[in-house]
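Undergrad: I have a structure here, written as structure tokens, and I will follow up with some questions on it.
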Amino acid sequence: MEKSRFAEFTPPPTTGLQPFTGSFGAPELRHLLRRTLFGATKSDMSYFAGKSMVQVVDELLNPTAPLPAPPVKEYVVAATTLVPDNNIAAGSTWVNDINNDGTIASYRRASFKKWWIGNMINQDRSIREKMTLFWHNHFATETNDIGNAQYVYKHHDLLRNSALGNFKTLTRNITFDPAMLVYLNGQYNTAAAPDENYAREIQELFCCGKGPNSLYTEADVKAAAKVLTGWLNNATTLTPYFTASRHDATNKTFSAFYNNTVITGRNTAAGATQEIDDLLNMIFANAEVAKYICRRLYRWFVYYDIDDTVEQNIITPLANVLRANNYEVKPVLDLLLKSEHFFDVLSRGCIIKSPADLVIGFCRESEIVFQPDTDYFTNYGFYNYMVSWLSNMQQNIGDPPDVSGWKAYYQEPQFYEIWINSDTLPKRNQFTDTMLVSGYTYNSKKIMLDPLAYATTFNNPGDPNAFIAELTERLLGLDISAASKAQLKKDILLSGQSTDIYWTQAWDLYISTPTNTANTTSVRTKIRDLIKYLMNLAEYQLA
């Protein structure tokens, strides 16, 4: 298969998990932040400047900011809605209000997506937002299939609260999660008619994977389904409950992959809960589980290609750490993000940005100014615009294609290259072009990248060489050649002139006399065209 121009032709680095001891300057910091945050803003870079690599990673892995307030009622209910949404005042949260009307639920699911985008844009300086999306992709559900907006929010809140916690505990909570009971038919799983959906996915997608050493059997799926029978949702309390008459209370026998374990059948709620705990203990006792989740984390934060060297030098020792820490995720991330391997030059600029990285990273790195929190109505409108762009680029936040998540994180051999095709690449360019040229207006307010305001955040925008050097450093995942920079300077900033003073004088005149309309317009247009050109490069798609 022919490689795309976005792919690396070199193999993954051969370095291991020994602590990184090289220089930790701006390039290394930017690489770290781009992988752990959505974009690396100038304020992020300034905040962490001067701190050691260990100090930065420690701060990223230990969030101190409070969790975000829940989504609010920003939607306007149509007068024809059969069940009016009168219990909740505008600007108040809807997450605890029980309303089973399908139209109201759709409003609220949309509200949830807007709110989530806002959290990404306004994220704290920690890895929490990236990990929340990681777990959403890992324990993938679809809001449209779940239907109940309260279940959707409760599921997401579980992921966010557990983002840096214990993988085994999170898996247990997901097993009893109302949204998952709906999404994978757990509520229809009975002794008389076992449903194998969740029993299959907890092994195939959530814990063991489909690698060559993941040797669970169809009989294991059937046995696990019997363990999971008897659970239903209470739509009033938003909690699961057990019904003994629907549960298979027989003993369940598993294959040699699980050491021929027999789970004793029970017929009470406590007993059925213990059966599930026995199932999870059995699954997590298998060494393949730790390796599988470490591969998923590696592909999320480092690179998709896991060859034999990476498996031996990175995945296996990470898995050993995960098991030694009883499946606590933070020690694994700590070891990986502080390693020689993570900071190896071959690990940089090799990930194709997901649509979330592209869109949210653009908003953050461009210092897009949104409205104050009190104007939630306008901001939710702006966030909805970003939801639409993500969906157009094939990452419909909250609604991945199926239970496997987005193909870019698992589909061999392309992986991230799946994000780039003849449909999505023009849309990526269209998004950045639009935000540079016209912006987006909602409720008489506008968001866009103001070229002049953006340029003033640079150290020396009046020097065309320094300006382009810093601009390419901020925007591009991989640097471009000196010849390319020189050509850009001549063609765009100098309008074909040969001396740098042409740009310097124009910039200085803008600073001293911004009311000089002709000059100010010319300067704005040149900066806009330069940024637009860079954002349309392949290198801008990399992180």
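Going by the structure tokens order, chains are called A, B, ..., each with residues numbered from 1, while ligands are numbered from 1 in the order shown.
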Do a neighbour search on A:Lys210 at 12 Å with only C-alpha atoms, toss out local chain neighbours closer than 6 positions, and write the hits as a ChimeraX atom specification.
TA: /A:200-204,216-217,288-289,291-293,295,404,410-411
Undergrad: Find the residues around stretch 92-94 of chain A up to 10 Å (only C-alpha atoms counted), leave out those fewer than 2 positions away in its own chain, and share them as a list in words.
TA: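 In the requested format, the answer is Ala69, Pro70, Pro71, Val72, Lys73, Glu74, Asp85, Asn87, Ile88, Ala89, Ala90, Asn96, Asp97, Ile98, Asn99, Arg108, Ser111, Phe112, Ala149, Gln150 and Tyr153 of chain A.
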Undergrad: From stretch 26-251 of chain A, collect each residue whose DSSP state is strand (DSSP E) and return the set as a ChimeraX atom specification.
TA: /A:231-234,239-242
Undergrad: When you look at A:Arg428 with a cut-off of 12 Å (counting only C-alpha atoms), what residues show up, excluding the ones that are within fewer than 5 positions of it in the same chain? I need them as JSON, numbers by chain.
TA: {"A": [353, 354, 355, 356, 357, 358, 359, 362, 386, 389, 390, 391, 392, 393, 394, 419, 420, 421, 422, 423, 433, 434, 435, 532, 535, 536, 537, 538, 540, 541]}
Undergrad: For the residues selected in the previous step, produce a file with C-alpha atoms as a PDB file, in the first residue's frame.
TA:
ATOM      1  CA  LYS A 353      -4.038  15.607  14.280  1.00  0.00           C
ATOM      2  CA  SER A 354      -7.479  14.279  15.009  1.00  0.00           C
ATOM      3  CA  PRO A 355     -10.289  16.676  14.109  1.00  0.00           C
ATOM      4  CA  ALA A 356     -10.535  17.510  17.831  1.00  0.00           C
ATOM      5  CA  ASP A 357      -6.829  18.329  17.953  1.00  0.00           C
ATOM      6  CA  LEU A 358      -7.163  20.430  14.811  1.00  0.00           C
ATOM      7  CA  VAL A 359     -10.311  22.383  15.684  1.00  0.00           C
ATOM      8  CA  PHE A 362      -6.824  26.055  16.480  1.00  0.00           C
ATOM      9  CA  MET A 386     -17.190  23.458  16.362  1.00  0.00           C
ATOM     10  CA  TRP A 389     -16.872  20.993  11.991  1.00  0.00           C
ATOM     11  CA  LEU A 390     -15.695  17.966  13.973  1.00  0.00           C
ATOM     12  CA  SER A 391     -18.559  15.947  12.521  1.00  0.00           C
ATOM     13  CA  ASN A 392     -17.747  17.152   8.995  1.00  0.00           C
ATOM     14  CA  MET A 393     -14.173  15.970   9.505  1.00  0.00           C
ATOM     15  CA  GLN A 394     -15.457  12.543  10.649  1.00  0.00           C
ATOM     16  CA  TRP A 419      -8.278  11.217   9.154  1.00  0.00           C
ATOM     17  CA  ILE A 420      -6.954  12.534   5.822  1.00  0.00           C
ATOM     18  CA  ASN A 421      -8.818  11.831   2.593  1.00  0.00           C
ATOM     19  CA  SER A 422     -10.172  13.656  -0.435  1.00  0.00           C
ATOM     20  CA  ASP A 423     -13.222  14.736   1.560  1.00  0.00           C
ATOM     21  CA  ASP A 433      -9.589  29.524   5.961  1.00  0.00           C
ATOM     22  CA  THR A 434     -13.040  30.458   7.247  1.00  0.00           C
ATOM     23  CA  MET A 435     -11.775  31.299  10.707  1.00  0.00           C
ATOM     24  CA  LYS A 532      -3.541  30.749   5.758  1.00  0.00           C
ATOM     25  CA  MET A 535      -2.284  26.173   7.833  1.00  0.00           C
ATOM     26  CA  ASN A 536      -2.905  24.622   4.435  1.00  0.00           C
ATOM     27  CA  LEU A 537       0.429  22.798   4.524  1.00  0.00           C
ATOM     28  CA  ALA A 538       0.662  19.096   5.301  1.00  0.00           C
ATOM     29  CA  TYR A 540       0.086  21.817   9.930  1.00  0.00           C
ATOM     30  CA  GLN A 541      -1.840  18.543  10.120  1.00  0.00           C
TER      31      GLN A 541
END
Undergrad: For stretch 500-517 of chain A, list every protein, DNA or RNA residue within 10 Å, evaluated using only C-alpha atoms, and leave out those in the same chain fewer than 6 positions away; present the list as a list in words.
TA: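 The filter keeps Leu452, Thr456, Pro461, Gly462, Asp463, Pro464, Asn465, Lys489, Lys490, Ile492, Leu493, Leu494, Val523, Arg524 and Lys526 of chain A.
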Undergrad: Excluding A:Arg34 and any residue of its chain fewer than 4 positions from it, enumerate the residues within 9 Å of it, using only C-alpha atoms, and give them as a list in words.
TA: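 The residues satisfying every condition are Leu29, Arg30, Phe38, Gly39, Ala40, Asp357, Gly361 and Ala543 of chain A.
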